[in-house]
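Q: Please read through the structure below; I'll follow up with questions.
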Amino acid sequence: MRQRLRRKEGEPLPVSLGRSRAAVATSCESRSQVESVSLAVASGPRRARPCRGRMDPACLVLALVIVAGCAGSLASPTPTYGPLGFSAAGSMTQARSDQTATLLKDGRVLVAGGYDGSKSSLASAELYDPKTGAFSSTGSMAQVRYFHTATMLLDGRVLIAGGYDYSSSSVVASAELYDPKTGAFTKTGMMAQVRINHTATLLPDGRVLVAGGYDVASYAYLPSAEVYDPRTGTFSSTGSMTEARSSQTANLLRDGRVLLVGGLGYPDRATRGTLASAELYDPRTGVFSSTGSMTQDRSGHTATVLPDGRVLIAGGYKGDSSLDISSAELYDPKTGTFGATGSMAQNRSSDTATMLPDGRVLIAGGYDGYRALASTELYDPKTGTFGANGSMAEARDSHTSTLLADGRVLVAGGWVYQSQASLSSAELCHT
């Protein structure tokens with residue numbers, strides 16, 4: 001029976017690394033409303049009888065209606081959003097959890113590796129095509145792995161790095177590249193350090209920052225970091241983090257720096273391993289530096305860069321109580337500080353957070369400390385609040401959520417704690 005790693009003292013939490021704009025007509029032309037856009041729905045305009053000379057009562061009434069309509073439109077430009085629905089999206093060719101999912105430049109989604117639910121790591125990969133709504137097999141990786149990372153490079157290839165081999169109970173340092181043009185994986189340079197539950201972030205210059213993680217063999221949380229250069233196909237060391245951590249989040253900020261938040265580190269009496277600290281990596285200097293700390297220590301959380309550049313941190317769990325949490329906070333790069341925002345309705349960790357085209361954030365599934373969740377919520381940056389949304393057909397955690405080119409969100413695979421099983425099913429959230 002597969003156990004959640006975070007319930008074992010001294011071991012890391014598996015985290016899937018785990019990303020339609022509404023417009024409202026605010027002007028009236030002639031004597032009728034002329035547009036119905038996005039979420040606003042209007043009946044077709046009626047052509048008014050022209051009023052010449054002295055205005056008759058019918059024209060007077062029509063004029064008052066038109067003026068009132070224009071005034072209402074100008075006074076209420078904010079659209080009203082409704083809940084989002086889910087529908088089945090077929091099944092993957094293989095049940096898997098803790099896999100990666102990467103949106104390719106041609107709109108397809110590469111799903112790679114994971115855990116099959118039967119004590120096996122996976123080397124297989126598959127592609128989801130939004131045009132056909134179907135999954136199909138593609139080339140397999142050279143190394144079985146889960147708890148790895150997948151990062152799309154500027155040239156469209158995907159870098160797969162690190163991960164865990166269940167059969168040998170070992171962490172790997174190997175990396176490989178997937179080429180969508182050939183549908184094949186090829187080996188590339190190896191990392192200097194074996195690692196799982198690390199992060200991999202594409203930098204503005206095309207290199208990839210790989211940071212932190214955990215080494216099962218030495219029971220060590222890692223402060224080290226390295227940079228992959230696609231031009232040479234090699235990893236090279238860079239500065240170390242200010243604190244050893246795994247299962248952290250990492251986000252590229254607008255100014256090119258990388259924000260790393262929370263995660264698991266060496267236990268102390270206060271938190272038993274979960275971290276509230278955060279730090280920034282500057283690619284120009286290759287140095288990490290501390291920034292403000294969160295108001296809540298947490299691991300297994302999500303982090304999403306909002307349209308205004310702030311970063312939403314949501315959920316996770318606390319090491320001192322092993323309780324999943326519902327609180328959320330916002331990091332402001334301008335001040336380097338975290339501040340409170342609304343809380344989720346549901347405690348959850350190992351969920352996904354995807355920013356939608358309208359700027360809201362879809363929170364899906366996860367684990368509440370007792371069971372996998374099917375519920376979803378929506379965070380609105382304009383109000384700083386979470387709102388209830390429809391539920392998925394299946395409860396799942398350690399799954400992936402990928403924003404498609406057409407605005408829909410593909411939710412795939414995952415782990416069901418209740419049945420101790422990985423899932424092959426997938427669903428689409430319609431935005």
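In the structure tokens, the first chain shown is A, the next is B, and so on; residue numbers restart at 1 for each chain, and ligands run from 1 in the order shown.
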Name the residues in contact with Thr274 in chain A at a cut-off of 6 Å, using only C-alpha atoms, excluding same-chain residues fewer than 2 positions from it; report them as an MDAnalysis selection string.

A: chainID A and resid 263:264 271 297:299 319

Q: For Gly156 in chain A, please output as an MDAnalysis selection string all residues within 12 Å (counting only C-alpha atoms; exclusion window: fewer than 6 positions along the same chain).

A: chainID A and resid 102:108 110 177:182 206 230

Q: Filtering to N, CA and C atoms, could you give me those residues as an mmCIF file, in the first residue's frame?

A:
```
data_model
loop_
_atom_site.group_PDB
_atom_site.id
_atom_site.type_symbol
_atom_site.label_atom_id
_atom_site.label_comp_id
_atom_site.auth_asym_id
_atom_site.auth_seq_id
_atom_site.Cartn_x
_atom_site.Cartn_y
_atom_site.Cartn_z
ATOM 1 N N THR A 102 2.898 19.382 -19.459
ATOM 2 C CA THR A 102 3.497 20.575 -20.053
ATOM 3 C C THR A 102 2.769 20.950 -21.336
ATOM 4 N N LEU A 103 2.305 22.198 -21.414
ATOM 5 C CA LEU A 103 1.662 22.691 -22.631
ATOM 6 C C LEU A 103 2.727 22.951 -23.686
ATOM 7 N N LEU A 104 2.610 22.285 -24.833
ATOM 8 C CA LEU A 104 3.565 22.461 -25.922
ATOM 9 C C LEU A 104 3.160 23.636 -26.809
ATOM 10 N N LYS A 105 4.069 24.060 -27.659
ATOM 11 C CA LYS A 105 3.798 25.226 -28.504
ATOM 12 C C LYS A 105 2.682 24.976 -29.515
ATOM 13 N N ASP A 106 2.465 23.703 -29.886
ATOM 14 C CA ASP A 106 1.406 23.407 -30.852
ATOM 15 C C ASP A 106 0.050 23.190 -30.195
ATOM 16 N N GLY A 107 -0.043 23.404 -28.879
ATOM 17 C CA GLY A 107 -1.308 23.300 -28.170
ATOM 18 C C GLY A 107 -1.570 21.960 -27.519
ATOM 19 N N ARG A 108 -0.758 20.950 -27.854
ATOM 20 C CA ARG A 108 -0.917 19.655 -27.203
ATOM 21 C C ARG A 108 -0.283 19.697 -25.809
ATOM 22 N N LEU A 110 2.000 17.463 -23.046
ATOM 23 C CA LEU A 110 2.862 16.309 -22.789
ATOM 24 C C LEU A 110 2.709 15.893 -21.334
ATOM 25 N N LEU A 177 15.639 15.257 -22.652
ATOM 26 C CA LEU A 177 14.901 16.253 -23.418
ATOM 27 C C LEU A 177 13.870 15.572 -24.310
ATOM 28 N N TYR A 178 12.660 16.125 -24.307
ATOM 29 C CA TYR A 178 11.615 15.639 -25.220
ATOM 30 C C TYR A 178 11.500 16.613 -26.384
ATOM 31 N N ASP A 179 11.520 16.073 -27.595
ATOM 32 C CA ASP A 179 11.392 16.891 -28.792
ATOM 33 C C ASP A 179 10.027 16.625 -29.426
ATOM 34 N N PRO A 180 9.110 17.594 -29.392
ATOM 35 C CA PRO A 180 7.775 17.388 -29.967
ATOM 36 C C PRO A 180 7.801 17.078 -31.461
ATOM 37 N N LYS A 181 8.860 17.502 -32.145
ATOM 38 C CA LYS A 181 8.944 17.267 -33.589
ATOM 39 C C LYS A 181 9.160 15.792 -33.909
ATOM 40 N N THR A 182 9.901 15.107 -33.050
ATOM 41 C CA THR A 182 10.209 13.690 -33.286
ATOM 42 C C THR A 182 9.419 12.767 -32.372
ATOM 43 N N GLY A 206 16.643 31.870 -21.093
ATOM 44 C CA GLY A 206 16.490 30.533 -21.657
ATOM 45 C C GLY A 206 17.094 29.420 -20.831
ATOM 46 N N PRO A 230 20.649 25.146 -22.200
ATOM 47 C CA PRO A 230 20.273 24.364 -23.379
ATOM 48 C C PRO A 230 21.296 24.431 -24.514
#
```

Q: Any chance you could list, as a PyMOL selection string, the residues in range 204-409 of chain A that come up strand (DSSP E) when DSSP is run on the backbone?

A: chain A and resi 208-211+214-215+220-221+225-229+234-237+249-252+258-261+278-282+287-291+302-305+311-314+317-318+323-324+328-332+337-340+352-355+361-364+376-380+385-389+400-403+409

Q: Taking the DSSP assignment computed from this structure's backbone, write out as an NGL selection string all residues of range 58-301 of chain A that belong to alpha helix (DSSP H).

A: :A and (58-75)

Q: Using C-alpha atoms, can you export the residues from the last selection as a PDB file, in the first residue's frame?

A:
```
ATOM      1  CA  ALA A  58     -43.966  56.776 -28.247  1.00  0.00           C
ATOM      2  CA  CYS A  59     -40.669  58.377 -29.283  1.00  0.00           C
ATOM      3  CA  LEU A  60     -40.381  60.077 -25.885  1.00  0.00           C
ATOM      4  CA  VAL A  61     -40.728  56.733 -24.094  1.00  0.00           C
ATOM      5  CA  LEU A  62     -38.186  55.146 -26.458  1.00  0.00           C
ATOM      6  CA  ALA A  63     -35.702  57.960 -25.828  1.00  0.00           C
ATOM      7  CA  LEU A  64     -36.013  57.555 -22.053  1.00  0.00           C
ATOM      8  CA  VAL A  65     -35.441  53.810 -22.323  1.00  0.00           C
ATOM      9  CA  ILE A  66     -32.325  54.334 -24.475  1.00  0.00           C
ATOM     10  CA  VAL A  67     -30.860  56.907 -22.071  1.00  0.00           C
ATOM     11  CA  ALA A  68     -31.548  54.700 -19.057  1.00  0.00           C
ATOM     12  CA  GLY A  69     -29.955  51.743 -20.809  1.00  0.00           C
ATOM     13  CA  CYS A  70     -26.809  53.692 -21.672  1.00  0.00           C
ATOM     14  CA  ALA A  71     -26.531  55.076 -18.145  1.00  0.00           C
ATOM     15  CA  GLY A  72     -26.860  51.596 -16.669  1.00  0.00           C
ATOM     16  CA  SER A  73     -24.178  50.246 -18.988  1.00  0.00           C
ATOM     17  CA  LEU A  74     -21.762  53.034 -18.145  1.00  0.00           C
ATOM     18  CA  ALA A  75     -22.381  52.716 -14.408  1.00  0.00           C
TER      19      ALA A  75
END
```
